[in-house]
Amino acid sequence: MLDKVGIAKRIAQEVKDGSYVNLGIGIPTLVANYIPKGLNVTLQSENGMLGMGPFPFEGEEDADLINAGKQTITEVSGTAYFDSALSFGMIRAGKVDLTILGAMEVSENGDIANWKIPGKMVKGMGGAMDLVAAAKNIIVAMQHVNKAGESKLLPECTLPLTGVKCIKKIVTELAVLEVVPGKGFVLLERAPGVTVEEIRKATAGKLVVEGEIPEMIID
Amino acid sequence: MNKVVNNAAAAIHDIQDGEVIMLGGFGLCGIPENCINALVNKGTKDLTCISNNAGVDDFGIGLMLKTRQVKKMISSYVGENAEFERQLLSGELEVDLIPQGTLATRCMAAAYGMPAVWVRAGVGTEVAIGKETRVFDGVEYLLEMAFKAKFAIVKAWKGDTHGNLIFRKTTRNFNMPMAMAGQITIAEVEELVPAGTLDPDHIHVPGIYVHRIFQGDNYEKRIEQRTVRQKK
């Protein structure tokens, strides 16, 4: 079973050289730390920045320089700033190659819910609806089951949707799965030490297991 | 063409109870601190605020929520404010949550003189309820209307007496599209200079969009999530 860092490390393997990537809040933010050295990857932050660098050293924080999670960050060589309308313009136009975000639920046809729990939590969707409606490739980083032990990979989402038929891949503490509409959650890899049976028990939606399922390779 | 007013109180003097106003910034980054304080002091009530976020409990728009000056918020993310959540769940505050890109683009539409735009964000979700849809090249879109806000209040880094504005780093955010979307735009700046001083190639918002400008003071520039790394 993977911890959060393990999930981030596995997702980092999906990042391609020369790509523009938007990272959501939480586990997705950690992915930046594990992108293989030598890859030329540009991080987009939807509040208006291309070329997002690491957190600043203590004493070098700049209130005018934050990411979409409102954390203080730094520039890299070649950073560009822009406004929110242009930022979502480039997202909408499909210029961002990969979006990595968290989810509360994903359905077997690729629907995602991650912004609202009626009567309980009202935080808003932020940029999530825009990102899932536009990105060419979307990977969800999440726990396979919620705190109550219920599966988050469902036949249909029960919470208000963020987007429909948009999720391509899911990485959890147990597995890597591809979402194939009309087919279900196709199991690609198992986390170290996790059996197919354990993954099946944690997956409420239709799990497709074809042949031998390899174990993930994580440094 | 002198657009300079003395201070925040003068800039917002004619904002009436019940008005629709836009407030620039992302989180607490680049918010118009002076004008928010002036609105709190003036006590203007029943405001509809279009702003990506709602501040925190004791800073930014949170100050106006605490004094119950806000009737309705139109935002994309409001997660950092306990008083906001309390007023919302108790029904004291109306909230229209809309996708962040749609929020920015409805500003842009107003800025560019377009009545509405077609966007994909929200298709198939509760955001789409009641909205006109149309299929282009096999993909469904929602019709989203340009904002009509009487006032836009923004904060820039530098500005000149003609209202030309320059922003610093990620403070361009919603300040730029909102500056261009208001019927009356008020800009507070850290440094106000005579027209002709700024490099014309560096202007982010041309002064034609800005109606009132003043140099603010005592900027706190609070950081919401201070994150640092250690020197090795």
# chains A, B, ... in the order shown; residues from 1 in each chain; ligands from 1
call {"tool": "residues_around", "arguments": {"residues": "Gly78 in chain A", "least_positions_apart": "4", "cutoff": "10 Å", "atoms": "only C-alpha atoms", "output": "PyMOL selection string"}}
result
chain A and resi 42+50-52
call {"tool": "write_last_selection", "arguments": {"atoms": "N, CA, C and O atoms", "output": "PDB file, in the first residue's frame"}}
result
ATOM      1  N   THR A  42       6.881  22.373 -17.370  1.00  0.00           N
ATOM      2  CA  THR A  42       6.472  23.695 -16.906  1.00  0.00           C
ATOM      3  C   THR A  42       5.164  23.576 -16.135  1.00  0.00           C
ATOM      4  O   THR A  42       4.176  23.057 -16.655  1.00  0.00           O
ATOM      5  N   LEU A  50       2.981  30.685 -15.333  1.00  0.00           N
ATOM      6  CA  LEU A  50       3.604  29.531 -15.981  1.00  0.00           C
ATOM      7  C   LEU A  50       5.054  29.499 -15.533  1.00  0.00           C
ATOM      8  O   LEU A  50       5.751  30.507 -15.616  1.00  0.00           O
ATOM      9  N   GLY A  51       5.506  28.336 -15.085  1.00  0.00           N
ATOM     10  CA  GLY A  51       6.876  28.253 -14.578  1.00  0.00           C
ATOM     11  C   GLY A  51       6.893  28.498 -13.088  1.00  0.00           C
ATOM     12  O   GLY A  51       7.452  29.470 -12.600  1.00  0.00           O
ATOM     13  N   MET A  52       6.213  27.614 -12.351  1.00  0.00           N
ATOM     14  CA  MET A  52       6.132  27.748 -10.902  1.00  0.00           C
ATOM     15  C   MET A  52       7.309  27.032 -10.258  1.00  0.00           C
ATOM     16  O   MET A  52       7.572  25.871 -10.561  1.00  0.00           O
TER      17      MET A  52
END
call {"tool": "residues_around", "arguments": {"residues": "range 58-61 of chain B", "least_positions_apart": "4", "cutoff": "9 Å", "atoms": "only C-alpha atoms", "output": "compact mmCIF listing (two decimals) with N, CA and C atoms, in the first residue's frame"}}
result
# COMPACT_ATOMS: atom_id res chain seq x y z
N LEU B 23 -14.65 42.95 -6.80
CA LEU B 23 -13.45 43.19 -5.99
C LEU B 23 -12.35 42.27 -6.49
N GLY B 27 -7.59 34.99 -3.38
CA GLY B 27 -7.31 34.83 -1.95
C GLY B 27 -7.08 36.21 -1.37
N LEU B 28 -5.98 36.39 -0.66
CA LEU B 28 -5.67 37.71 -0.12
C LEU B 28 -4.62 38.42 -0.98
N ILE B 31 -5.49 42.15 -3.05
CA ILE B 31 -6.84 42.67 -2.79
C ILE B 31 -6.78 44.19 -2.52
N PRO B 32 -7.86 44.90 -2.84
CA PRO B 32 -7.89 46.35 -2.60
C PRO B 32 -8.15 46.67 -1.14
N GLU B 33 -7.11 46.58 -0.34
CA GLU B 33 -7.23 46.70 1.12
C GLU B 33 -7.83 48.03 1.56
N ILE B 36 -11.62 48.28 0.77
CA ILE B 36 -12.42 47.40 1.64
C ILE B 36 -12.58 48.07 3.01
N ASN B 37 -11.48 48.59 3.54
CA ASN B 37 -11.56 49.29 4.83
C ASN B 37 -12.51 50.49 4.75
N CYS B 49 -21.29 41.17 -3.95
CA CYS B 49 -19.85 41.23 -4.24
C CYS B 49 -19.46 40.12 -5.20
N SER B 51 -16.38 38.37 -6.44
CA SER B 51 -14.98 38.25 -6.05
C SER B 51 -14.63 36.77 -6.03
N ASN B 53 -12.83 35.02 -4.19
CA ASN B 53 -12.85 34.46 -2.83
C ASN B 53 -13.52 35.46 -1.89
N ALA B 54 -13.67 35.05 -0.64
CA ALA B 54 -14.37 35.90 0.32
C ALA B 54 -13.49 36.33 1.48
N LEU B 65 -18.05 40.85 5.75
CA LEU B 65 -19.00 39.81 6.14
C LEU B 65 -19.31 39.91 7.63
N LYS B 66 -18.26 40.19 8.39
CA LYS B 66 -18.41 40.30 9.84
C LYS B 66 -19.40 41.41 10.20
N VAL B 70 -22.67 42.36 3.37
CA VAL B 70 -22.78 41.63 2.10
C VAL B 70 -24.08 40.82 2.08
N ASN B 81 -13.10 30.69 5.19
CA ASN B 81 -13.75 31.70 6.00
C ASN B 81 -14.89 31.08 6.81
N ARG B 222 -1.26 40.61 3.61
CA ARG B 222 -1.20 39.41 4.45
C ARG B 222 -1.04 38.14 3.59
call {"tool": "closest_residue", "arguments": {"among": "B:Gln100, B:Thr67, B:Thr133, B:Gln230", "to": "Met129 in chain A", "atoms": "only C-alpha atoms"}}
result
B:Gln100
call {"tool": "interface_residues", "arguments": {"of": "chain A", "to": "chain B", "cutoff": "7 Å", "atoms": "only C-alpha atoms", "output": "PyMOL selection string"}}
result
chain A and resi 47-49+55-58+63-66+70-72+81-85+88+123-127+129-130+133+160-164
call {"tool": "residues_around", "arguments": {"residues": "Glu132 in chain B", "least_positions_apart": "3", "cutoff": "10 Å", "atoms": "only C-alpha atoms", "output": "ChimeraX atom specification"}}
result
/B:118,128-129,141-144
call {"tool": "write_last_selection", "arguments": {"atoms": "N, CA and C atoms", "output": "PDB file, in the first residue's frame"}}
result
ATOM      1  N   TRP B 118     -19.774  31.281 -24.725  1.00  0.00           N
ATOM      2  CA  TRP B 118     -20.052  29.843 -24.609  1.00  0.00           C
ATOM      3  C   TRP B 118     -18.880  29.170 -23.933  1.00  0.00           C
ATOM      4  N   ALA B 128     -25.082  23.942 -14.728  1.00  0.00           N
ATOM      5  CA  ALA B 128     -25.745  24.070 -16.040  1.00  0.00           C
ATOM      6  C   ALA B 128     -27.255  24.279 -15.922  1.00  0.00           C
ATOM      7  N   ILE B 129     -27.798  24.106 -14.718  1.00  0.00           N
ATOM      8  CA  ILE B 129     -29.261  24.148 -14.569  1.00  0.00           C
ATOM      9  C   ILE B 129     -29.809  25.510 -14.998  1.00  0.00           C
ATOM     10  N   TYR B 141     -21.865  23.208 -24.934  1.00  0.00           N
ATOM     11  CA  TYR B 141     -21.404  24.412 -24.230  1.00  0.00           C
ATOM     12  C   TYR B 141     -22.563  25.077 -23.507  1.00  0.00           C
ATOM     13  N   LEU B 142     -22.235  25.851 -22.458  1.00  0.00           N
ATOM     14  CA  LEU B 142     -23.227  26.652 -21.731  1.00  0.00           C
ATOM     15  C   LEU B 142     -23.074  28.116 -22.111  1.00  0.00           C
ATOM     16  N   LEU B 143     -24.210  28.803 -22.189  1.00  0.00           N
ATOM     17  CA  LEU B 143     -24.165  30.246 -22.433  1.00  0.00           C
ATOM     18  C   LEU B 143     -24.020  30.959 -21.091  1.00  0.00           C
ATOM     19  N   GLU B 144     -22.945  31.688 -20.939  1.00  0.00           N
ATOM     20  CA  GLU B 144     -22.684  32.422 -19.698  1.00  0.00           C
ATOM     21  C   GLU B 144     -22.669  33.919 -20.001  1.00  0.00           C
TER      22      GLU B 144
END
call {"tool": "residues_around", "arguments": {"residues": "range 190-193 of chain B", "least_positions_apart": "5", "cutoff": "6 Å", "atoms": "only C-alpha atoms", "output": "list in words"}}
result
Trp157, Lys158, Gly159, Asp160, Gln215 and Gly216 of chain B
call {"tool": "residues_around", "arguments": {"residues": "Val41 in chain A", "least_positions_apart": "3", "cutoff": "8 Å", "atoms": "only C-alpha atoms", "output": "list in words"}}
result
Val15, Lys16, Asp17, Gly18, Ser19, Tyr20 and Val21 of chain A
call {"tool": "residues_around", "arguments": {"residues": "range 138-151 of chain A", "least_positions_apart": "4", "cutoff": "8 Å", "atoms": "only C-alpha atoms", "output": "JSON, numbers by chain"}}
result
{"A": [7, 8, 11, 27, 28, 98, 99, 100, 101, 102, 103, 104, 132, 166, 167, 168, 169, 170, 171, 172, 173, 174, 202, 203, 204]}
call {"tool": "atom_distance", "arguments": {"atom1": "CA of Pro54 in chain A", "atom2": "CA of Gln13 in chain A"}}
result
19.1 Å
call {"tool": "select_by_dssp", "arguments": {"residues": "chain A", "states": "strand (DSSP E)", "output": "VMD selection string"}}
result
chain A and resid 20 to 23 42 to 45 49 to 52 75 to 81 98 to 101 105 to 107 112 to 113 116 to 117 121 to 122 138 to 141 153 to 154 169 to 171 175 to 180 184 to 190 207 to 208
call {"tool": "residues_around", "arguments": {"residues": "Gly205 in chain A", "least_positions_apart": "5", "cutoff": "10 Å", "atoms": "only C-alpha atoms", "output": "list in words"}}
result
Val106, Ser107, Glu108, Asn109, Ser151, Lys152, Leu153, Leu154, Pro155, Glu156, Cys157, Gly184, Phe185 and Arg200 of chain A
call {"tool": "atom_distance", "arguments": {"atom1": "CA of Glu60 in chain A", "atom2": "CA of Glu75 in chain A"}}
result
11.8 Å
call {"tool": "select_by_dssp", "arguments": {"residues": "range 105-147 of chain A", "states": "alpha helix (DSSP H)", "output": "ChimeraX atom specification"}}
result
/A:128-134
call {"tool": "atom_distance", "arguments": {"atom1": "CA of Glu46 in chain A", "atom2": "CA of Asp217 in chain B"}}
result
28.8 Å
call {"tool": "decode", "arguments": {"residues": "range 51-64 of chain A", "atoms": "C-alpha atoms", "output": "PDB file, in the first residue's frame"}}
result
ATOM      1  CA  GLY A  51       6.876  28.253 -14.578  1.00  0.00           C
ATOM      2  CA  MET A  52       6.132  27.748 -10.902  1.00  0.00           C
ATOM      3  CA  GLY A  53       9.137  27.152  -8.679  1.00  0.00           C
ATOM      4  CA  PRO A  54       9.517  25.595  -5.210  1.00  0.00           C
ATOM      5  CA  PHE A  55       8.523  27.211  -1.909  1.00  0.00           C
ATOM      6  CA  PRO A  56      10.753  30.177  -0.987  1.00  0.00           C
ATOM      7  CA  PHE A  57      13.440  30.037   1.672  1.00  0.00           C
ATOM      8  CA  GLU A  58      12.372  31.444   5.011  1.00  0.00           C
ATOM      9  CA  GLY A  59      12.472  35.240   4.909  1.00  0.00           C
ATOM     10  CA  GLU A  60      12.147  35.363   1.121  1.00  0.00           C
ATOM     11  CA  GLU A  61       8.339  34.977   0.957  1.00  0.00           C
ATOM     12  CA  ASP A  62       6.581  37.472  -1.324  1.00  0.00           C
ATOM     13  CA  ALA A  63       2.883  38.189  -0.675  1.00  0.00           C
ATOM     14  CA  ASP A  64       2.486  39.050  -4.376  1.00  0.00           C
TER      15      ASP A  64
END
